[in-house]
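K.L.:
Dropping in structure_36.txt, with compact mmCIF, C-alpha atoms (C1' of nucleotides) and all ligand atoms.
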```txt
# COMPACT_ATOMS: atom_id res chain seq x y z
CA MET A 13 32.84 -4.28 -6.11
CA SER A 14 30.77 -6.11 -8.73
CA ALA A 15 29.00 -9.04 -7.06
CA ASN A 16 30.94 -9.05 -3.82
CA GLU A 17 28.82 -10.99 -1.34
CA ALA A 18 29.39 -8.83 1.65
CA LYS A 19 29.76 -5.76 3.75
CA SER A 20 32.01 -2.89 2.89
CA THR A 21 35.62 -3.66 2.61
CA ARG A 22 37.92 -1.11 1.19
CA LYS A 23 41.00 -3.05 2.25
CA GLY A 24 39.62 -6.54 1.78
CA ARG A 25 38.79 -7.29 5.39
CA PRO A 26 37.61 -10.90 5.99
CA ALA A 27 34.15 -9.57 6.88
CA GLU A 28 32.10 -12.39 8.36
CA THR A 29 34.55 -14.87 9.79
CA ILE A 30 32.56 -16.99 12.16
CA GLY A 31 32.89 -16.84 15.92
CA GLU A 32 32.56 -13.08 16.28
CA PRO A 33 29.58 -11.38 17.98
CA ALA A 34 27.71 -10.83 14.69
CA LEU A 35 26.17 -7.39 14.49
CA PRO A 36 22.49 -6.84 13.81
CA ASP A 37 21.35 -6.26 10.26
CA GLU A 38 22.36 -2.83 9.05
CA THR A 39 18.95 -1.73 7.85
CA GLU A 40 17.19 -2.97 10.95
CA GLN A 41 19.65 -1.17 13.16
CA ALA A 42 19.25 2.03 11.16
CA GLN A 43 15.48 1.77 11.59
CA ARG A 44 15.86 1.45 15.35
CA PHE A 45 17.89 4.62 15.55
CA GLU A 46 15.55 6.39 13.18
CA LYS A 47 12.58 5.48 15.35
CA ALA A 48 14.37 6.76 18.44
CA ARG A 49 15.13 10.05 16.69
CA SER A 50 11.56 10.60 15.59
CA ALA A 51 10.26 9.78 19.07
CA GLN A 52 12.64 12.36 20.42
CA ALA A 53 11.32 14.97 18.01
CA ARG A 54 7.83 14.45 19.44
CA ALA A 55 8.95 14.44 23.07
CA VAL A 56 8.84 18.19 23.63
CA LEU A 57 5.39 18.48 22.09
CA GLU A 58 4.09 15.66 24.25
CA ASP A 59 5.49 17.08 27.47
CA TYR A 60 4.14 20.56 26.76
CA ALA A 61 0.71 19.26 25.77
CA GLU A 62 0.52 17.07 28.87
CA LEU A 63 1.62 19.90 31.14
CA ILE A 64 -0.68 22.49 29.61
CA ASP A 65 -3.58 20.11 29.95
CA ASP A 66 -2.66 19.43 33.56
CA LEU A 67 -2.56 23.14 34.32
CA LEU A 68 -5.90 23.76 32.65
CA THR A 69 -7.51 20.79 34.38
CA SER A 70 -6.20 21.89 37.75
CA GLY A 71 -8.57 24.75 37.66
CA GLY A 72 -6.35 27.44 36.30
CA GLU A 73 -4.83 28.89 33.20
CA ALA A 74 -1.75 27.62 31.43
CA ARG A 75 0.46 30.67 31.46
CA PRO A 76 3.88 30.77 29.80
CA THR A 77 5.78 31.53 33.01
CA ASP A 78 4.11 28.70 34.89
CA ILE A 79 4.88 26.37 32.04
CA ALA A 80 8.47 27.58 31.92
CA ARG A 81 8.95 27.19 35.67
CA ARG A 82 7.50 23.68 35.73
CA LEU A 83 9.68 22.63 32.82
CA GLY A 84 12.76 24.24 34.29
CA VAL A 85 13.46 26.44 31.29
CA SER A 86 13.48 30.18 30.70
CA HIS A 87 10.23 31.77 29.61
CA PRO A 88 11.46 32.67 26.12
CA THR A 89 12.27 29.01 25.60
CA ALA A 90 8.78 28.05 26.69
CA ILE A 91 7.21 30.68 24.45
CA LYS A 92 9.20 29.43 21.49
CA SER A 93 8.10 25.86 22.06
CA ILE A 94 4.52 26.99 22.52
CA ALA A 95 4.85 28.72 19.16
CA ARG A 96 5.81 25.36 17.69
CA LEU A 97 2.77 23.74 19.27
CA LYS A 98 0.61 26.42 17.67
CA ARG A 99 2.36 26.00 14.34
CA GLU A 100 1.57 22.30 14.47
CA GLY A 101 -2.05 22.89 15.34
CA LEU A 102 -1.84 21.58 18.89
CA ALA A 103 -2.30 24.79 20.85
CA ALA A 104 -3.73 28.27 20.51
CA SER A 105 -3.54 31.57 22.33
CA GLU A 106 -3.95 35.27 21.81
CA VAL A 107 -1.25 37.71 22.86
CA ASN A 108 -0.90 38.19 26.59
CA ARG A 109 -3.37 35.42 27.32
CA GLY A 110 -2.95 31.88 28.59
CA VAL A 111 -2.44 28.94 26.28
CA PHE A 112 -5.17 26.52 25.25
CA LEU A 113 -5.09 23.18 23.53
CA THR A 114 -6.86 22.38 20.29
CA ALA A 115 -8.76 19.12 19.95
CA ALA A 116 -5.62 17.54 18.50
CA GLY A 117 -3.55 18.95 21.34
CA HIS A 118 -5.95 17.61 23.92
CA GLU A 119 -5.89 14.22 22.24
CA LEU A 120 -2.11 14.18 22.37
CA ALA A 121 -2.11 15.26 26.01
CA ALA A 122 -4.56 12.55 26.98
CA ARG A 123 -2.53 9.85 25.31
CA ALA A 124 0.70 11.22 26.79
CA ARG A 125 -0.75 11.31 30.29
CA ALA A 126 -2.15 7.80 30.08
CA ARG A 127 1.12 6.45 28.76
CA HIS A 128 3.09 8.35 31.39
CA ARG A 129 1.04 6.78 34.15
CA VAL A 130 1.39 3.26 32.80
CA VAL A 131 5.14 3.66 32.42
CA VAL A 132 5.53 4.85 36.01
CA ASP A 133 3.31 2.03 37.25
CA LEU A 134 5.29 -0.56 35.32
CA LEU A 135 8.58 0.71 36.69
CA VAL A 136 7.20 0.54 40.21
CA ALA A 137 5.79 -2.91 39.53
CA VAL A 138 9.20 -4.29 38.60
CA GLY A 139 10.77 -2.84 41.71
CA VAL A 140 11.94 0.67 40.86
CA PRO A 141 11.48 3.05 43.80
CA ARG A 142 8.61 5.46 43.19
CA ALA A 143 10.70 8.65 43.13
CA CYS A 144 13.16 7.11 40.71
CA ALA A 145 10.32 5.82 38.55
CA GLU A 146 8.87 9.32 38.29
CA LEU A 147 12.27 10.67 37.26
CA ASP A 148 13.10 8.03 34.67
CA ALA A 149 9.62 7.85 33.20
CA GLU A 150 9.74 11.47 32.10
CA GLY A 151 12.30 10.59 29.46
CA MET A 152 11.47 6.95 28.77
CA GLU A 153 7.77 7.45 28.09
CA HIS A 154 8.36 9.08 24.71
CA HIS A 155 9.97 5.93 23.38
CA VAL A 156 7.32 3.47 24.49
CA SER A 157 5.38 2.22 21.49
CA ASP A 158 1.71 1.31 21.56
CA ILE A 159 2.62 -2.35 21.42
CA ALA A 160 4.91 -2.07 24.42
CA LEU A 161 2.33 0.03 26.23
CA ALA A 162 -0.30 -2.65 25.71
CA ALA A 163 2.12 -5.23 27.04
CA PHE A 164 2.76 -3.05 30.09
CA SER A 165 -0.95 -2.80 30.78
CA ARG A 166 -1.40 -6.53 30.48
CA PHE A 167 1.51 -7.09 32.83
CA LEU A 168 0.08 -4.67 35.39
CA LYS A 169 -3.19 -6.62 35.39
CA ARG A 170 -1.09 -9.57 36.64
CA MET B 5 4.07 39.83 46.42
CA SER B 6 5.45 40.24 49.95
CA ALA B 7 4.57 37.16 51.97
CA ASN B 8 1.93 35.70 49.71
CA GLU B 9 1.69 32.04 50.64
CA ALA B 10 1.29 30.60 47.18
CA LYS B 11 1.71 30.05 43.50
CA SER B 12 1.66 32.80 40.96
CA THR B 13 -1.53 34.63 40.58
CA ARG B 14 -1.63 37.75 38.57
CA LYS B 15 -5.38 37.91 38.63
CA GLY B 16 -5.96 36.49 42.08
CA ARG B 17 -6.85 32.96 41.07
CA PRO B 18 -7.99 30.78 44.04
CA ALA B 19 -4.81 28.71 43.68
CA GLU B 20 -5.20 25.59 45.77
CA THR B 21 -8.90 25.02 46.20
CA ILE B 22 -9.30 21.43 47.23
CA GLY B 23 -10.78 18.73 45.05
CA GLU B 24 -8.67 19.34 41.97
CA PRO B 25 -6.02 16.90 40.69
CA ALA B 26 -3.18 18.69 42.54
CA LEU B 27 -0.10 19.04 40.42
CA PRO B 28 3.30 17.80 41.51
CA ASP B 29 5.66 20.20 43.22
CA GLU B 30 7.06 22.73 40.78
CA THR B 31 10.71 22.21 41.62
CA GLU B 32 10.44 18.46 41.57
CA GLN B 33 8.73 18.54 38.21
CA ALA B 34 11.38 20.87 36.83
CA GLN B 35 14.07 18.47 38.02
CA ARG B 36 12.39 15.59 36.23
CA PHE B 37 12.41 17.46 32.93
CA GLU B 38 15.95 18.64 33.51
CA LYS B 39 17.09 15.07 34.08
CA ALA B 40 15.37 13.95 30.88
CA ARG B 41 17.07 16.74 28.93
CA SER B 42 20.52 15.90 30.21
CA ALA B 43 19.98 12.21 29.48
CA GLN B 44 19.05 13.18 25.96
CA ALA B 45 22.24 15.17 25.57
CA ARG B 46 24.24 12.04 26.36
CA ALA B 47 22.19 9.74 24.13
CA VAL B 48 24.08 10.37 20.91
CA LEU B 49 27.43 9.88 22.59
CA GLU B 50 26.27 6.61 24.12
CA ASP B 51 24.89 5.24 20.88
CA TYR B 52 28.01 6.14 18.92
CA ALA B 53 30.32 4.73 21.57
CA GLU B 54 28.34 1.50 21.78
CA LEU B 55 28.23 1.13 18.01
CA ILE B 56 31.90 1.91 17.49
CA ASP B 57 32.81 -0.59 20.15
CA ASP B 58 30.58 -3.19 18.51
CA LEU B 59 32.21 -2.61 15.16
CA LEU B 60 35.70 -2.85 16.61
CA THR B 61 34.85 -5.96 18.58
CA SER B 62 33.33 -7.63 15.56
CA GLY B 63 36.73 -7.97 14.12
CA GLY B 64 36.86 -4.89 11.97
CA GLU B 65 37.39 -1.20 11.91
CA ALA B 66 34.88 1.45 12.83
CA ARG B 67 34.74 3.52 9.68
CA PRO B 68 32.62 6.67 9.36
CA THR B 69 30.52 5.33 6.48
CA ASP B 70 29.73 2.10 8.31
CA ILE B 71 28.79 4.08 11.38
CA ALA B 72 26.65 6.42 9.31
CA ARG B 73 24.89 3.58 7.54
CA ARG B 74 24.13 1.71 10.75
CA LEU B 75 22.80 4.86 12.37
CA GLY B 76 20.77 5.78 9.33
CA VAL B 77 22.34 9.20 8.89
CA SER B 78 24.49 10.80 6.23
CA HIS B 79 28.23 10.44 6.58
CA PRO B 80 28.85 14.14 7.28
CA THR B 81 26.44 13.87 10.18
CA ALA B 82 28.34 10.89 11.52
CA ILE B 83 31.67 12.63 11.08
CA LYS B 84 30.40 15.65 12.94
CA SER B 85 29.19 13.55 15.85
CA ILE B 86 32.46 11.64 15.89
CA ALA B 87 34.19 15.00 16.14
CA ARG B 88 32.13 15.66 19.25
CA LEU B 89 33.17 12.31 20.71
CA LYS B 90 36.80 13.25 20.11
CA ARG B 91 36.28 16.70 21.59
CA GLU B 92 34.89 15.06 24.71
CA GLY B 93 37.77 12.63 24.97
CA LEU B 94 35.76 9.53 24.10
CA ALA B 95 37.20 8.71 20.69
CA ALA B 96 40.27 9.27 18.59
CA SER B 97 41.27 8.91 14.97
CA GLU B 98 43.72 10.23 12.44
CA VAL B 99 42.56 11.56 9.09
CA ASN B 100 41.34 8.96 6.66
CA ARG B 101 41.55 6.24 9.27
CA GLY B 102 38.98 4.36 11.30
CA VAL B 103 37.76 5.58 14.66
CA PHE B 104 38.95 4.23 17.99
CA LEU B 105 37.70 4.63 21.50
CA THR B 106 39.71 6.03 24.37
CA ALA B 107 39.59 4.32 27.75
CA ALA B 108 36.75 6.62 28.73
CA GLY B 109 34.93 5.89 25.49
CA HIS B 110 35.31 2.19 25.98
CA GLU B 111 34.01 2.51 29.52
CA LEU B 112 30.97 4.39 28.26
CA ALA B 113 30.37 1.83 25.53
CA ALA B 114 30.56 -1.06 27.97
CA ARG B 115 28.06 0.53 30.31
CA ALA B 116 25.77 1.46 27.44
CA ARG B 117 25.83 -2.04 26.02
CA ALA B 118 25.17 -3.68 29.37
CA ARG B 119 22.29 -1.32 30.07
CA HIS B 120 20.91 -1.79 26.57
CA ARG B 121 20.81 -5.54 27.05
CA VAL B 122 19.13 -5.35 30.44
CA VAL B 123 16.49 -2.97 29.11
CA VAL B 124 15.66 -5.24 26.19
CA ASP B 125 15.54 -8.24 28.51
CA LEU B 126 13.24 -6.45 30.89
CA LEU B 127 10.88 -5.43 28.14
CA VAL B 128 10.75 -9.00 26.89
CA ALA B 129 10.25 -10.25 30.44
CA VAL B 130 7.14 -8.13 30.93
CA GLY B 131 5.68 -9.33 27.65
CA VAL B 132 6.88 -6.98 24.94
CA PRO B 133 7.55 -8.84 21.68
CA ARG B 134 11.26 -9.13 20.99
CA ALA B 135 11.31 -7.02 17.82
CA CYS B 136 9.35 -4.27 19.50
CA ALA B 137 11.59 -4.43 22.55
CA GLU B 138 14.65 -3.94 20.37
CA LEU B 139 13.03 -0.92 18.75
CA ASP B 140 11.82 0.77 21.91
CA ALA B 141 14.92 0.05 23.94
CA GLU B 142 17.10 2.07 21.59
CA GLY B 143 15.46 5.26 22.82
CA MET B 144 14.43 4.27 26.34
CA GLU B 145 17.81 3.03 27.49
CA HIS B 146 19.30 6.50 27.75
CA HIS B 147 16.79 7.47 30.41
CA VAL B 148 17.22 4.43 32.64
CA SER B 149 19.05 5.41 35.81
CA ASP B 150 21.46 3.15 37.67
CA ILE B 151 18.86 2.61 40.36
CA ALA B 152 16.24 1.53 37.85
CA LEU B 153 18.79 -0.63 36.09
CA ALA B 154 19.61 -2.40 39.31
CA ALA B 155 15.91 -2.97 39.90
CA PHE B 156 15.57 -4.40 36.39
CA SER B 157 18.43 -6.81 37.03
CA ARG B 158 16.92 -7.94 40.29
CA PHE B 159 13.57 -8.45 38.60
CA LEU B 160 15.15 -10.49 35.82
CA LYS B 161 16.68 -12.81 38.41
CA ARG B 162 13.05 -13.53 39.47
C1' DA C 19 -2.85 58.62 38.90
C1' DC C 20 1.36 56.75 39.48
C1' DA C 21 4.85 53.61 40.73
C1' DC C 22 6.21 49.00 41.30
C1' DT C 23 6.29 44.33 40.23
C1' DT C 24 5.36 40.62 37.52
C1' DA C 25 4.22 38.55 33.09
C1' DT C 26 4.72 38.49 28.22
C1' DG C 27 6.87 39.03 24.06
C1' DT C 28 11.02 40.01 20.79
C1' DA C 29 15.70 40.00 19.24
C1' DG C 30 19.69 37.84 18.80
C1' DC C 31 23.06 34.53 20.17
C1' DC C 32 24.74 29.54 20.80
C1' DT C 33 25.05 24.33 20.17
C1' DT C 34 23.42 20.05 18.42
C1' DG C 35 22.42 17.23 14.90
C1' DG C 36 20.18 16.79 10.57
C1' DC C 37 21.06 17.63 5.33
C1' DT C 38 23.35 18.50 0.28
C1' DA C 39 27.10 19.67 -2.64
C1' DC C 40 31.62 19.62 -3.50
C1' DA C 41 36.62 18.49 -2.95
C1' DT C 42 40.11 15.25 -1.74
C1' DA C 43 42.12 10.77 -0.65
C1' DC C 44 42.35 5.85 -1.01
C1' DT C 45 42.17 1.33 -3.27
C1' DA C 46 41.49 -1.71 -6.90
C1' DC C 47 42.03 -3.03 -11.30
C1' DC C 48 43.43 -3.11 -16.04
C1' DG D 21 50.59 4.23 -13.99
C1' DG D 22 46.01 5.89 -14.98
C1' DT D 23 41.18 5.54 -14.17
C1' DA D 24 37.05 4.32 -11.85
C1' DG D 25 34.78 3.86 -7.71
C1' DT D 26 34.37 4.30 -2.88
C1' DA D 27 35.48 6.61 1.44
C1' DT D 28 36.57 10.68 3.79
C1' DG D 29 36.46 15.29 4.78
C1' DT D 30 34.80 20.34 4.32
C1' DA D 31 31.57 24.08 3.62
C1' DG D 32 27.43 25.85 4.26
C1' DC D 33 22.60 25.46 4.99
C1' DC D 34 18.51 24.47 8.24
C1' DA D 35 15.44 23.66 12.49
C1' DA D 36 15.05 22.80 17.32
C1' DG D 37 15.73 24.23 21.78
C1' DG D 38 18.61 26.25 25.02
C1' DC D 39 20.04 31.09 26.78
C1' DT D 40 20.39 36.57 28.02
C1' DA D 41 18.98 41.22 27.40
C1' DC D 42 15.68 44.28 26.46
C1' DA D 43 10.95 46.22 25.58
C1' DT D 44 6.14 46.23 26.44
C1' DA D 45 1.84 44.91 28.85
C1' DA D 46 -0.80 44.05 32.79
C1' DG D 47 -2.04 43.87 37.41
C1' DT D 48 -1.24 45.77 42.65
C1' DG D 49 -1.13 49.00 45.92
C1' DT D 50 -0.83 53.73 47.91
MN MN E 1 8.27 13.36 29.24
MN MN E 2 5.15 13.03 30.79
MN MN E 3 20.18 4.14 22.02
MN MN E 4 21.96 1.18 22.50
```
Could I get this structure in the form of structure tokens?
Ligand SMILES: [Mn+2]
Ligand SMILES: [Mn+2]
Ligand SMILES: [Mn+2]
Ligand SMILES: [Mn+2]
P.N.:
Amino acid sequence: MSANEAKSTRKGRPAETIGEPALPDETEQAQRFEKARSAQARAVLEDYAELIDDLLTSGGEARPTDIARRLGVSHPTAIKSIARLKREGLAASEVNRGVFLTAAGHELAARARARHRVVVDLLVAVGVPRACAELDAEGMEHHVSDIALAAFSRFLKR
Amino acid sequence: MSANEAKSTRKGRPAETIGEPALPDETEQAQRFEKARSAQARAVLEDYAELIDDLLTSGGEARPTDIARRLGVSHPTAIKSIARLKREGLAASEVNRGVFLTAAGHELAARARARHRVVVDLLVAVGVPRACAELDAEGMEHHVSDIALAAFSRFLKR
DNA sequence: ACACTTATGTAGCCTTGGCTACATACTACC
DNA sequence: GGTAGTATGTAGCCAAGGCTACATAAGTGT
């Protein structure tokens, strides 16, 4: 390929003839997808931390079955994810006892809850019905960056 | 537990003493998480379909290495995901040839692209910097329901 | 004390979507 | 036509997050 100016062209395709849509830069696009993937990897941790914190705050324990039921998964699934939280230093528990959050876990939960609320509020503010906003926010929240979150807050303050 | 009115209380916890935050209904919460999980399961298919369609539209082929590079993954990963698209009737290709979309795949791509654009536009409209909007939208889009999307469109038309 | 019920934990399976290493197929070029 | 280089495909590994089935622990009630 020596000093070929463009793209990837095994069969000598014209490449960048003008007039066509023009795709985004390859590297930039790859970074977008990469960011989405890493956000996704954190999503489970965030949801568990937020939920555990909610359960603890609401005057009770955070027990695996409660967690499982609220997440809509089987209890072994919940236990396995809780194990990951522990492994990553976000939660702690002794056998046959409820789950607790470490300082880091509590931090994460607090941020997740605050973000969750802002996302729901923003959706409602732009006209999404409340119930739908609650539904959609559960997945969207994990992809909202700090910058976007700040913008949302500003927008909500008119 | 016979006709116990509430919750789950192995050690006879007071359950719903007033004053505390009051968690959302269990079933409703479970449905939210379930919806987020199923959206996530579709995310890869949507991104691949959208990207393949973009590549085809931009006057070229959709070749596995191009797809892989734009997604920021290795080519075997891309090939494996493309195999899933084929399995689900969204794409087709013969060996050592570029990938094509079936009617269903093209449909999916069109919807994904339209939604993607609206999501970016909405983010920008509420004050998120363009670059950040592009980044965040890549992950958020998959969780935006038709109802929310319609609300976004309405909002964008002032 | 014992039985019953519920909660917890373990084992083992599956799928998805990452990866590397290797083998094969094109295409270009001399 | 042979060789180099790129693209494609295959094999096999891993971790995450689902699941069921089973075993154990802990309360509840008679
Ligand atoms: Mn969530
Ligand atoms: Mn949340
Ligand atoms: Mn996307
Ligand atoms: Mn997209």
K.L.:
Which of these residues is nearest to ligand MN 3 (chain E), using only C-alpha atoms and all ligand atoms: A:Ala51, A:Ala116, A:Val140, A:Val130?
P.N.:
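Using only C-alpha atoms and all ligand atoms, the shortest distance to ligand MN 3 (chain E) belongs to A:Ala51.
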K.L.:
Residues within 7 Å of ligand MN 3 (chain E) (all atoms listed in the file), as a list in words?
P.N.:
Phe45 of chain A; Ala47, Glu50, Asp51, Ala141, Glu142, Gly143, Glu145 and His146 of chain B
K.L.:
Which residues of chain A are close to chain D, meaning at most 8 Å apart when you count only C-alpha atoms (C1' of nucleotides), and how do they look as a ChimeraX atom specification?
P.N.:
/A:22,86,89,93,108
K.L.:
If the cut-off is 6 Å, can you tell me the residues of chain B near chain A, counting all atoms listed in the file? I'd like them as a list of chain:residue names.
P.N.:
B:Glu24, B:Pro25, B:Glu30, B:Gln33, B:Ala34, B:Arg36, B:Phe37, B:Ala40, B:Ser62, B:Arg74, B:Leu75, B:Gly76, B:Gly131, B:Val132, B:Leu139, B:Asp140, B:Gly143, B:Met144, B:His147, B:Val148, B:Ala152, B:Ala155
K.L.:
For CA of Gly109 in chain B and CA of Leu89 in chain B, quote the distance in Å rounded to one decimal.
P.N.:
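Calculated distance between CA of Gly109 in chain B and CA of Leu89 in chain B is 8.2 Å.
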K.L.:
How far is it from CA of Leu105 in chain B to CA of Tyr52 in chain B, in Å with one decimal?
P.N.:
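CA of Leu105 in chain B sits 10.1 Å away from CA of Tyr52 in chain B.
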K.L.:
Figure out the distance between C1' of DT28 in chain C and CA of Leu102 in chain A, please, to one decimal in Å.
P.N.:
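C1' of DT28 in chain C lies at a distance of 22.6 Å from CA of Leu102 in chain A.
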K.L.:
Considering all atoms listed in the file, state which residue in the set B:Val103, B:Ala96, B:Ala45, B:Leu60 is at the smallest distance from chain C.
P.N.:
B:Ala45
K.L.:
In terms of the shortest atom-to-atom distance over all atoms listed in the file, which of C:DT45, C:DT38, C:DT23, C:DT33 is closest to chain A?
P.N.:
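Counting all atoms listed in the file, the residue closest to chain A is C:DT45.
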K.L.:
Set the cut-off to 8 Å and count all atoms listed in the file: what are the residues of chain C that reach chain B? Output as a PyMOL selection string.
P.N.:
chain C and resi 23-24+35-37+43
K.L.:
Can those selected residues be exported to a file as a compact mmCIF listing (two decimals), in the coordinates of the input so that it contains C-alpha atoms (C1' of nucleotides)?
P.N.:
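Saved the output as result.txt:
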```
# COMPACT_ATOMS: atom_id res chain seq x y z
C1' DT C 23 6.29 44.33 40.23
C1' DT C 24 5.36 40.62 37.52
C1' DG C 35 22.42 17.23 14.90
C1' DG C 36 20.18 16.79 10.57
C1' DC C 37 21.06 17.63 5.33
C1' DA C 43 42.12 10.77 -0.65
```
K.L.:
Write out as a PDB file with C-alpha atoms, in the coordinates of the input which residues come within 12 Å of Glu119 in chain A when counting only C-alpha atoms (C1' of nucleotides), dropping same-chain ones fewer than 4 positions away.
P.N.:
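Output contents, as saved in result.pdb:
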```pdb
ATOM      1  CA  GLU A  58       4.090  15.660  24.250  1.00  0.00           C
ATOM      2  CA  ALA A  61       0.710  19.260  25.770  1.00  0.00           C
ATOM      3  CA  GLU A  62       0.520  17.070  28.870  1.00  0.00           C
ATOM      4  CA  ASP A  65      -3.580  20.110  29.950  1.00  0.00           C
ATOM      5  CA  GLY A 101      -2.050  22.890  15.340  1.00  0.00           C
ATOM      6  CA  LEU A 102      -1.840  21.580  18.890  1.00  0.00           C
ATOM      7  CA  ALA A 103      -2.300  24.790  20.850  1.00  0.00           C
ATOM      8  CA  LEU A 113      -5.090  23.180  23.530  1.00  0.00           C
ATOM      9  CA  THR A 114      -6.860  22.380  20.290  1.00  0.00           C
ATOM     10  CA  ALA A 115      -8.760  19.120  19.950  1.00  0.00           C
ATOM     11  CA  ARG A 123      -2.530   9.850  25.310  1.00  0.00           C
ATOM     12  CA  ALA A 124       0.700  11.220  26.790  1.00  0.00           C
ATOM     13  CA  ARG A 125      -0.750  11.310  30.290  1.00  0.00           C
ATOM     14  CA  ALA A 126      -2.150   7.800  30.080  1.00  0.00           C
TER      15      ALA A 126
END
```
K.L.:
Considering all atoms listed in the file, can you say which of A:Ile64, A:Ile94, A:Leu120, A:Leu57 comes closest to ligand MN 1 (chain E)?
P.N.:
A:Leu57
